[in-house]
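Data file: my_file_18.cif. Format and content: mmCIF, C-alpha atoms and all ligand atoms.
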data_upload
#
loop_
_atom_site.group_PDB
_atom_site.id
_atom_site.type_symbol
_atom_site.label_atom_id
_atom_site.label_comp_id
_atom_site.auth_asym_id
_atom_site.auth_seq_id
_atom_site.Cartn_x
_atom_site.Cartn_y
_atom_site.Cartn_z
ATOM 1 C CA MET A 1 -21.238 -11.987 -17.871
ATOM 2 C CA GLU A 2 -24.345 -10.345 -16.529
ATOM 3 C CA GLY A 3 -23.735 -7.399 -14.231
ATOM 4 C CA GLN A 4 -20.069 -7.281 -15.102
ATOM 5 C CA ILE A 5 -18.128 -5.123 -17.446
ATOM 6 C CA CYS A 6 -14.987 -6.303 -19.134
ATOM 7 C CA LEU A 7 -13.084 -3.151 -19.898
ATOM 8 C CA PHE A 8 -9.851 -4.598 -21.074
ATOM 9 C CA THR A 9 -7.371 -7.360 -20.564
ATOM 10 C CA THR A 10 -4.371 -6.403 -18.492
ATOM 11 C CA ARG A 11 -0.855 -7.047 -19.609
ATOM 12 C CA ALA A 12 -0.749 -9.863 -17.097
ATOM 13 C CA GLY A 13 -3.436 -11.411 -19.298
ATOM 14 C CA ILE A 14 -6.205 -11.050 -16.752
ATOM 15 C CA PRO A 15 -9.543 -9.656 -17.863
ATOM 16 C CA VAL A 16 -10.620 -6.793 -15.662
ATOM 17 C CA THR A 17 -14.162 -7.559 -14.627
ATOM 18 C CA ASN A 18 -16.421 -6.781 -11.697
ATOM 19 C CA ILE A 19 -15.631 -3.143 -12.075
ATOM 20 C CA THR A 20 -18.329 -1.222 -10.347
ATOM 21 C CA LYS A 21 -19.760 2.209 -9.757
ATOM 22 C CA MET A 22 -17.408 5.100 -9.054
ATOM 23 C CA ALA A 23 -14.208 3.159 -9.424
ATOM 24 C CA ASP A 24 -15.447 1.794 -12.737
ATOM 25 C CA GLU A 25 -16.344 5.221 -14.037
ATOM 26 C CA LYS A 26 -13.045 6.685 -12.919
ATOM 27 C CA ALA A 27 -11.110 3.904 -14.582
ATOM 28 C CA LEU A 28 -13.023 4.361 -17.807
ATOM 29 C CA SER A 29 -12.574 8.110 -17.952
ATOM 30 C CA TYR A 30 -8.844 7.825 -17.146
ATOM 31 C CA ILE A 31 -8.374 5.168 -19.809
ATOM 32 C CA GLU A 32 -10.290 7.103 -22.452
ATOM 33 C CA ALA A 33 -8.324 10.276 -21.784
ATOM 34 C CA SER A 34 -4.854 8.725 -21.547
ATOM 35 C CA PRO A 35 -2.179 7.572 -23.963
ATOM 36 C CA GLN A 36 -2.253 3.819 -24.548
ATOM 37 C CA GLU A 37 0.742 3.045 -22.291
ATOM 38 C CA ASP A 38 -0.738 4.917 -19.331
ATOM 39 C CA ALA A 39 -4.182 3.463 -19.922
ATOM 40 C CA SER A 40 -2.780 -0.033 -20.008
ATOM 41 C CA ALA A 41 -0.757 0.557 -16.820
ATOM 42 C CA TYR A 42 -3.827 1.941 -15.081
ATOM 43 C CA GLY A 43 -5.757 -1.149 -16.138
ATOM 44 C CA ALA A 44 -3.048 -3.464 -14.849
ATOM 45 C CA ASN A 45 -3.093 -1.709 -11.489
ATOM 46 C CA TYR A 46 -6.874 -1.709 -11.445
ATOM 47 C CA GLY A 47 -6.794 -5.457 -11.912
ATOM 48 C CA ALA A 48 -5.105 -5.823 -8.511
ATOM 49 C CA HIS A 49 -7.886 -3.883 -6.799
ATOM 50 C CA ARG A 50 -11.120 -5.305 -8.164
ATOM 51 C CA GLU A 51 -14.055 -5.261 -5.839
ATOM 52 C CA GLY A 52 -14.464 -8.504 -3.914
ATOM 53 C CA MET A 53 -10.930 -9.812 -4.571
ATOM 54 C CA THR A 54 -9.685 -12.266 -1.981
ATOM 55 C CA LYS A 55 -6.189 -12.091 -0.539
ATOM 56 C CA GLU A 56 -5.291 -15.225 -2.513
ATOM 57 C CA GLU A 57 -6.470 -13.623 -5.763
ATOM 58 C CA VAL A 58 -4.479 -10.502 -4.945
ATOM 59 C CA ALA A 59 -1.367 -12.601 -4.279
ATOM 60 C CA GLU A 60 -1.774 -14.512 -7.529
ATOM 61 C CA TYR A 61 -2.390 -11.325 -9.480
ATOM 62 C CA TYR A 62 0.794 -9.639 -8.200
ATOM 63 C CA SER A 63 2.750 -12.774 -8.850
ATOM 64 C CA LYS A 64 1.584 -12.938 -12.494
ATOM 65 C CA TRP A 65 2.057 -9.207 -12.946
ATOM 66 C CA GLY A 66 5.564 -9.457 -11.570
ATOM 67 C CA TYR A 67 6.454 -12.442 -13.739
ATOM 68 C CA SER A 68 5.030 -10.685 -16.808
ATOM 69 C CA GLY A 69 7.953 -8.280 -16.395
ATOM 70 C CA LYS A 70 5.632 -5.284 -16.672
ATOM 71 C CA TYR A 71 4.978 -4.465 -13.015
ATOM 72 C CA GLU A 72 7.933 -2.094 -12.604
ATOM 73 C CA GLU A 73 7.247 -0.396 -15.924
ATOM 74 C CA ASP A 74 3.524 -0.012 -15.199
ATOM 75 C CA LEU A 75 4.170 1.411 -11.724
ATOM 76 C CA CYS A 76 7.150 3.552 -12.671
ATOM 77 C CA PRO A 77 7.681 6.805 -10.714
ATOM 78 C CA GLU A 78 5.634 9.028 -13.024
ATOM 79 C CA ARG A 79 2.633 6.787 -12.492
ATOM 80 C CA TYR A 80 3.087 5.579 -8.912
ATOM 81 C CA ASN A 81 4.679 7.876 -6.366
ATOM 82 C CA GLY A 82 3.941 5.895 -3.187
ATOM 83 C CA PRO A 83 7.589 4.943 -2.594
ATOM 84 C CA LYS A 84 8.741 8.542 -3.066
ATOM 85 C CA TYR A 85 6.062 9.876 -0.730
ATOM 86 C CA GLY A 86 6.893 7.194 1.830
ATOM 87 C CA ALA A 87 10.598 7.973 1.733
ATOM 88 C CA GLU A 88 9.969 11.719 1.971
ATOM 89 C CA ALA A 89 7.698 11.154 4.991
ATOM 90 C CA LEU A 90 10.579 9.418 6.733
ATOM 91 C CA VAL A 91 13.085 12.104 5.731
ATOM 92 C CA GLU A 92 10.835 14.625 7.449
ATOM 93 C CA ALA A 93 10.577 12.417 10.537
ATOM 94 C CA TYR A 94 14.307 11.652 10.710
ATOM 95 C CA PRO A 95 16.281 14.764 9.776
ATOM 96 C CA GLY A 96 19.538 13.139 10.919
ATOM 97 C CA ASN A 97 21.035 9.784 11.979
ATOM 98 C CA ARG A 98 19.249 8.008 9.179
ATOM 99 C CA GLU A 99 21.835 5.271 8.802
ATOM 100 C CA SER A 100 20.879 3.582 12.044
ATOM 101 C CA ILE A 101 17.096 3.778 11.740
ATOM 102 C CA HIS A 102 15.792 0.245 11.356
ATOM 103 C CA ILE A 103 12.764 0.260 9.054
ATOM 104 C CA LEU A 104 10.370 -2.528 8.199
ATOM 105 C CA ASP A 105 9.024 -2.093 4.673
ATOM 106 C CA ILE A 106 5.735 -4.013 4.728
ATOM 107 C CA ALA A 107 4.281 -5.221 1.412
ATOM 108 C CA ALA A 108 7.603 -4.340 -0.165
ATOM 109 C CA GLY A 109 6.809 -5.618 -3.647
ATOM 110 C CA THR A 110 9.881 -5.290 -5.856
ATOM 111 C CA GLY A 111 11.578 -2.913 -3.417
ATOM 112 C CA PHE A 112 10.875 0.543 -4.846
ATOM 113 C CA LEU A 113 10.501 2.046 -1.368
ATOM 114 C CA GLY A 114 13.798 0.519 -0.185
ATOM 115 C CA GLU A 115 15.541 2.126 -3.151
ATOM 116 C CA GLU A 116 14.051 5.534 -2.380
ATOM 117 C CA LEU A 117 15.007 5.194 1.285
ATOM 118 C CA HIS A 118 18.543 4.202 0.391
ATOM 119 C CA LYS A 119 18.923 7.247 -1.873
ATOM 120 C CA ARG A 120 17.978 9.425 1.101
ATOM 121 C CA GLY A 121 20.530 7.952 3.479
ATOM 122 C CA PHE A 122 18.520 5.218 5.217
ATOM 123 C CA LYS A 123 20.675 2.125 5.193
ATOM 124 C CA LYS A 124 18.866 -0.328 7.425
ATOM 125 C CA SER A 125 15.613 -1.496 5.957
ATOM 126 C CA THR A 126 14.079 -4.929 5.993
ATOM 127 C CA ARG A 127 11.484 -6.000 3.483
ATOM 128 C CA ILE A 128 8.524 -8.102 4.336
ATOM 129 C CA GLN A 129 6.619 -9.711 1.546
ATOM 130 C CA LEU A 130 3.066 -10.770 1.017
ATOM 131 C CA LYS A 131 3.601 -14.399 2.000
ATOM 132 C CA ALA A 132 4.696 -13.527 5.523
ATOM 133 C CA CYS A 133 2.085 -10.802 5.837
ATOM 134 C CA LEU A 134 -0.778 -13.076 4.904
ATOM 135 C CA GLN A 135 -0.305 -14.703 8.299
ATOM 136 C CA TRP A 136 -1.785 -11.704 10.002
ATOM 137 C CA GLN A 137 -5.100 -12.507 8.457
ATOM 138 C CA GLU A 138 -5.029 -16.068 9.737
ATOM 139 C CA LYS A 139 -2.953 -16.065 12.913
ATOM 140 C CA ARG A 140 -3.045 -12.310 13.392
ATOM 141 C CA THR A 141 0.671 -12.194 14.132
ATOM 142 C CA LEU A 142 3.803 -11.665 12.112
ATOM 143 C CA PRO A 143 6.929 -13.699 12.811
ATOM 144 C CA VAL A 144 8.589 -10.683 14.427
ATOM 145 C CA GLU A 145 9.456 -9.964 18.102
ATOM 146 C CA ASN A 146 7.766 -7.119 19.965
ATOM 147 C CA ASP A 147 9.397 -3.654 19.770
ATOM 148 C CA THR A 148 11.803 -4.618 16.986
ATOM 149 C CA TYR A 149 11.743 -1.688 14.526
ATOM 150 C CA ASP A 150 12.251 2.059 14.790
ATOM 151 C CA CYS A 151 9.728 2.478 12.026
ATOM 152 C CA THR A 152 7.233 0.313 10.167
ATOM 153 C CA ILE A 153 5.868 1.554 6.873
ATOM 154 C CA ILE A 154 3.363 0.482 4.246
ATOM 155 C CA ALA A 155 3.460 2.198 0.855
ATOM 156 C CA GLY A 156 0.855 0.996 -1.599
ATOM 157 C CA GLY A 157 -0.059 -2.136 0.330
ATOM 158 C CA MET A 158 -3.587 -1.017 1.167
ATOM 159 C CA GLY A 159 -6.495 -1.804 -1.151
ATOM 160 C CA GLU A 160 -9.239 -4.276 -1.948
ATOM 161 C CA GLY A 161 -8.153 -7.712 -0.649
ATOM 162 C CA HIS A 162 -4.841 -6.204 0.475
ATOM 163 C CA ILE A 163 -3.673 -5.427 4.034
ATOM 164 C CA PRO A 164 -6.510 -5.668 6.555
ATOM 165 C CA CYS A 165 -7.243 -3.259 9.408
ATOM 166 C CA VAL A 166 -6.006 -5.822 11.926
ATOM 167 C CA ALA A 167 -2.482 -5.131 10.667
ATOM 168 C CA LEU A 168 -2.412 -1.896 12.666
ATOM 169 C CA HIS A 169 -2.212 -3.879 15.919
ATOM 170 C CA GLU A 170 0.745 -5.786 14.574
ATOM 171 C CA MET A 171 2.507 -2.679 13.325
ATOM 172 C CA ILE A 172 2.220 -1.156 16.788
ATOM 173 C CA ARG A 173 3.388 -4.375 18.485
ATOM 174 C CA ILE A 174 6.559 -4.705 16.427
ATOM 175 C CA THR A 175 7.469 -0.995 16.454
ATOM 176 C CA LYS A 176 9.536 0.280 19.383
ATOM 177 C CA PRO A 177 7.869 2.727 21.804
ATOM 178 C CA GLY A 178 8.583 6.184 20.413
ATOM 179 C CA GLY A 179 8.922 4.721 16.925
ATOM 180 C CA LEU A 180 6.851 5.558 13.877
ATOM 181 C CA VAL A 181 4.125 3.782 11.963
ATOM 182 C CA VAL A 182 3.556 5.232 8.496
ATOM 183 C CA ILE A 183 0.849 4.265 6.016
ATOM 184 C CA VAL A 184 0.827 5.675 2.494
ATOM 185 C CA MET A 185 -2.252 4.786 0.484
ATOM 186 C CA ARG A 186 -4.681 5.987 -2.136
ATOM 187 C CA GLU A 187 -7.095 8.390 -0.462
ATOM 188 C CA GLU A 188 -10.230 7.095 -2.158
ATOM 189 C CA TYR A 189 -9.701 3.578 -0.793
ATOM 190 C CA LEU A 190 -10.879 4.950 2.537
ATOM 191 C CA ASP A 191 -14.309 5.095 0.863
ATOM 192 C CA TYR A 192 -14.190 2.433 -1.874
ATOM 193 C CA VAL A 193 -12.790 -0.478 0.064
ATOM 194 C CA LYS A 194 -15.274 -2.111 2.417
ATOM 195 C CA GLU A 195 -12.544 -3.264 4.787
ATOM 196 C CA TYR A 196 -11.554 0.370 5.374
ATOM 197 C CA LYS A 197 -14.774 2.356 4.945
ATOM 198 C CA ASP A 198 -15.837 3.657 8.353
ATOM 199 C CA ARG A 199 -13.371 1.192 9.886
ATOM 200 C CA LEU A 200 -9.751 2.069 9.232
ATOM 201 C CA GLU A 201 -9.776 5.606 10.550
ATOM 202 C CA VAL A 202 -12.181 4.596 13.317
ATOM 203 C CA LEU A 203 -9.675 1.972 14.440
ATOM 204 C CA MET A 204 -6.838 4.496 14.183
ATOM 205 C CA GLN A 205 -8.752 6.769 16.513
ATOM 206 C CA GLU A 206 -9.618 3.937 18.911
ATOM 207 C CA LEU A 207 -5.964 3.009 19.132
ATOM 208 C CA GLU A 208 -5.131 6.606 19.916
ATOM 209 C CA ASP A 209 -7.871 6.786 22.547
ATOM 210 C CA ALA A 210 -6.485 3.582 24.068
ATOM 211 C CA GLY A 211 -3.049 5.196 24.372
ATOM 212 C CA LYS A 212 -1.384 2.830 21.898
ATOM 213 C CA TRP A 213 -0.140 5.549 19.584
ATOM 214 C CA GLU A 214 -0.589 9.233 18.838
ATOM 215 C CA SER A 215 -1.203 10.883 15.515
ATOM 216 C CA VAL A 216 1.702 12.894 14.129
ATOM 217 C CA SER A 217 0.067 13.889 10.842
ATOM 218 C CA ARG A 218 -2.494 13.040 8.204
ATOM 219 C CA VAL A 219 -1.553 14.594 4.893
ATOM 220 C CA ILE A 220 -3.276 14.448 1.492
ATOM 221 C CA VAL A 221 -0.894 14.440 -1.471
ATOM 222 C CA PRO A 222 -1.545 14.787 -5.234
ATOM 223 C CA ASN A 223 -0.631 12.279 -7.959
ATOM 224 C CA TYR A 224 0.036 9.481 -5.522
ATOM 225 C CA SER A 225 -1.010 6.891 -8.055
ATOM 226 C CA PHE A 226 -1.797 8.019 -11.593
ATOM 227 C CA ASP A 227 -4.015 11.079 -11.097
ATOM 228 C CA ASN A 228 -5.289 9.963 -7.691
ATOM 229 C CA ASN A 229 -4.592 11.648 -4.379
ATOM 230 C CA GLY A 230 -2.802 9.790 -1.638
ATOM 231 C CA VAL A 231 -3.074 10.043 2.104
ATOM 232 C CA ILE A 232 -0.101 9.682 4.408
ATOM 233 C CA PHE A 233 -0.801 8.687 8.001
ATOM 234 C CA LYS A 234 2.007 9.052 10.493
ATOM 235 C CA TYR A 235 1.674 7.769 14.084
ATOM 236 C CA ARG A 236 4.082 7.661 17.005
ATOM 237 C CA VAL A 237 3.875 4.509 19.105
ATOM 238 C CA CYS A 238 3.424 5.075 22.835
HETATM 239 C C1 LIG A 301 1.334 -1.625 -5.356
HETATM 240 S S1 LIG A 301 2.373 -2.804 -4.646
HETATM 241 C C2 LIG A 301 3.414 -1.782 -3.645
HETATM 242 C C3 LIG A 301 4.775 -2.382 -3.450
HETATM 243 C C4 LIG A 301 5.777 -1.502 -2.719
HETATM 244 N N1 LIG A 301 5.388 -1.217 -1.360
HETATM 245 C C5 LIG A 301 6.029 -0.235 -3.476
HETATM 246 O O1 LIG A 301 5.571 0.829 -3.007
HETATM 247 O O2 LIG A 301 6.657 -0.321 -4.530
HETATM 248 C C6 LIG A 301 1.329 -3.576 -3.435
HETATM 249 C C7 LIG A 301 1.998 -4.692 -2.658
HETATM 250 O O3 LIG A 301 1.125 -5.105 -1.596
HETATM 251 C C8 LIG A 301 1.335 -6.469 -1.382
HETATM 252 N N2 LIG A 301 0.198 -6.995 -0.634
HETATM 253 C C9 LIG A 301 -1.065 -7.153 -1.042
HETATM 254 N N3 LIG A 301 -1.819 -7.699 -0.062
HETATM 255 C C10 LIG A 301 -1.010 -7.866 1.012
HETATM 256 C C11 LIG A 301 -1.201 -8.377 2.336
HETATM 257 N N4 LIG A 301 -2.373 -8.843 2.764
HETATM 258 N N5 LIG A 301 -0.151 -8.377 3.161
HETATM 259 C C12 LIG A 301 1.030 -7.907 2.736
HETATM 260 N N6 LIG A 301 1.282 -7.436 1.517
HETATM 261 C C13 LIG A 301 0.262 -7.406 0.660
HETATM 262 C C14 LIG A 301 1.493 -7.029 -2.778
HETATM 263 O O4 LIG A 301 2.156 -8.259 -2.784
HETATM 264 C C15 LIG A 301 2.305 -5.944 -3.457
HETATM 265 O O5 LIG A 301 3.679 -6.217 -3.351
#

Re-express the file's structure as structure tokens.
Ligand SMILES: C[S@@+](CC[C@H](N)C(=O)[O-])C[C@H]1O[C@@H](n2cnc3c(N)ncnc32)[C@H](O)[C@@H]1O
Amino acid sequence: MEGQICLFTTRAGIPVTNITKMADEKALSYIEASPQEDASAYGANYGAHREGMTKEEVAEYYSKWGYSGKYEEDLCPERYNGPKYGAEALVEAYPGNRESIHILDIAAGTGFLGEELHKRGFKKSTRIQLKACLQWQEKRTLPVENDTYDCTIIAGGMGEGHIPCVALHEMIRITKPGGLVVIVMREEYLDYVKEYKDRLEVLMQELEDAGKWESVSRVIVPNYSFDNNGVIFKYRVC
């Protein structure tokens, strides 16, 4: 295929193509330098984030990856620390009374974040899966009442063809005033992913300027996903 590189076939059986520029080079150098298991896991994850992927392709990819039985092994804690970082961010925000904090875990996947939250004393979390979330791209609303949750959180749900910027409006709408919105994502997606580049943080700021929420923190963390940094955004809804 002209203009495309096929680096490898993922465990889900999907050839990884359309890999471009920086992301391509990073993937290659990680794969070359890593043991086979890690390289293969990196490739499987990369397959969910190929440039130009549509939301339907992303959904299908996760579904196949999940059914292949390898998703949880590929994104085990040593390789993917989003759930741990997400849970720790909430521990910091809620030093006590964790049992009653009602959390919406958006893009919950197989529930890694819920498990980490439960270990840390949070007992009330609700998962929302891709199928429900896809509505916010079409209808721009989730089937959830206003001011429902104490906290809404996304860990690992941002990326190419993943959760769009418009989701921020919905997260604010369904979070109670005074509640928290937390987004844990790979730092470099702020630059790689067209949907977010010069848009996501601009929108975050616009929402703050409009008095919808206020920033609590923006923290860069190491080894969020494989050897990549993560960024954790924490906002308090006004
Ligand atoms: C890397 S997994 C993270 C799963 C989970 N949050 C965790 O940390 O273990 C990314 C998840 O994002 C979901 N996802 C992708 N696009 C989405 C969208 N537009 N809306 C909601 N979820 C989406 C996928 O279905 C997948 O479960």

- Item | Output of the PyMOL selection byres (((not hetatm)) within 7 of (chain A and resi 301)), listed as a list in words | Lys55, Val58, Ala59, Tyr62, Gly82, Pro83, Ile106, Ala107, Ala108, Gly109, Thr110, Gly111, Phe112, Leu113, Gln129, Leu130, Cys133, Leu134, Ile154, Ala155, Gly156, Gly157, Met158, Gly161, His162, Ile163 and Pro164 of chain A

- Expected selection from the PyMOL selection byres (((chain A and resi 194) around 12) and not hetatm), given as a list in words: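 Listing what the PyMOL selection byres (((chain A and resi 194) around 12) and not hetatm) selects in the shown file: His49, Arg50, Glu51, Gly52, Met53, Met158, Gly159, Glu160, Gly161, His162, Pro164, Cys165, Glu188, Tyr189, Leu190, Asp191, Tyr192, Val193, Glu195, Tyr196, Lys197, Asp198, Arg199 and Leu200 of chain A.
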
- CA of Glu73 (chain A) to CA of Ile153 (chain A): how many Å, to one decimal? 22.9 Å

- Item | Non-local contacts of Val91 (chain A) (10 Å; all atoms listed in the file; under 5 positions in same chain excluded) as a ChimeraX atom specification | /A:85-86,96,98,117,120-122

Any chance you could export the current selection's C-alpha atoms as a PDB file, in the frame of the given file?
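Heads up, here's the output in result_28.pdb:
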ATOM      1  CA  TYR A  85       6.062   9.876  -0.730  1.00  0.00           C
ATOM      2  CA  GLY A  86       6.893   7.194   1.830  1.00  0.00           C
ATOM      3  CA  GLY A  96      19.538  13.139  10.919  1.00  0.00           C
ATOM      4  CA  ARG A  98      19.249   8.008   9.179  1.00  0.00           C
ATOM      5  CA  LEU A 117      15.007   5.194   1.285  1.00  0.00           C
ATOM      6  CA  ARG A 120      17.978   9.425   1.101  1.00  0.00           C
ATOM      7  CA  GLY A 121      20.530   7.952   3.479  1.00  0.00           C
ATOM      8  CA  PHE A 122      18.520   5.218   5.217  1.00  0.00           C
TER       9      PHE A 122
END

- Task: Pick out the closest residue to Glu214 (chain A) from this set: A:Ile31, A:Ala41, A:Val237, A:Ala89. Count all atoms listed in the file.
- Result: A:Val237

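Distance annotation: of A:Leu142, A:Tyr61, A:Lys70, A:Glu25, the residue with the minimal separation from Glu37 (chain A) is A:Lys70; atom set is all atoms listed in the file.
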
- Task: Have a look at A:Tyr71, A:Tyr46, A:Phe233, A:Tyr94 and name the one nearest to Ala27 (chain A); count all atoms listed in the file.
- Result: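 Result for the nearest residue to Ala27 (chain A): A:Tyr46.
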
- Task: Between CA of Asn228 (chain A) and CA of Glu115 (chain A), measure the distance and give it in Å to one decimal.
- Result: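 According to the coordinates, CA of Asn228 (chain A) and CA of Glu115 (chain A) are separated by 22.7 Å.
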
- Looking at A:Ala44, A:Leu203, A:Ile128, A:Val231, which one is nearest to Glu187 (chain A), with distances taken over only C-alpha atoms? A:Val231

- Item | Nearest-residue call for Glu116 (chain A), choices A:Pro143, A:Pro95, A:Pro222, A:Pro77, using all atoms listed in the file | A:Pro77

- Query: Which one is closest to Lys64 (chain A): A:Ala48, A:Lys234, A:Glu78, A:Thr175? Count all atoms listed in the file.
  - Reply: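 Of the candidates, the smallest distance to Lys64 (chain A) is held by A:Ala48.
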
- Task: Please measure the separation of CA of Leu104 (chain A) and CA of Thr54 (chain A), giving the value in Å to one decimal.
- Result: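 Separation of CA of Leu104 (chain A) and CA of Thr54 (chain A): 24.5 Å.
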
- Given the PyMOL selection byres (((chain A and resi 212) around 10) and not hetatm), the residues it picks as a PyMOL selection string: chain A and resi 169+172-173+177+204-211+213-214+235-238

- Counting only C-alpha atoms, select every polymer residue within 8 Å of (1.0, 4.1, -9.5) as defined in the file's coordinates, and provide the selection as a list in words.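 Result, sorted by chain then residue number: Tyr42, Asn45, Asp74, Leu75, Cys76, Pro77, Glu78, Arg79, Tyr80, Asn81, Gly82, Tyr224, Ser225 and Phe226 of chain A.
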
Axis-aligned box for region 148-160 of chain A, 3 Å per side, centre and edges in Å as JSON:
{"center_x": 1.5, "center_y": -1.1, "center_z": 7.5, "size_x": 27.5, "size_y": 13.1, "size_z": 24.9}

- Message: When you look at Thr126 (chain A) with a cut-off of 8 Å (counting all atoms listed in the file), what residues show up, excluding the ones that are within fewer than 6 positions of it in the same chain? I need them as a PyMOL selection string.
- Response: chain A and resi 102-105
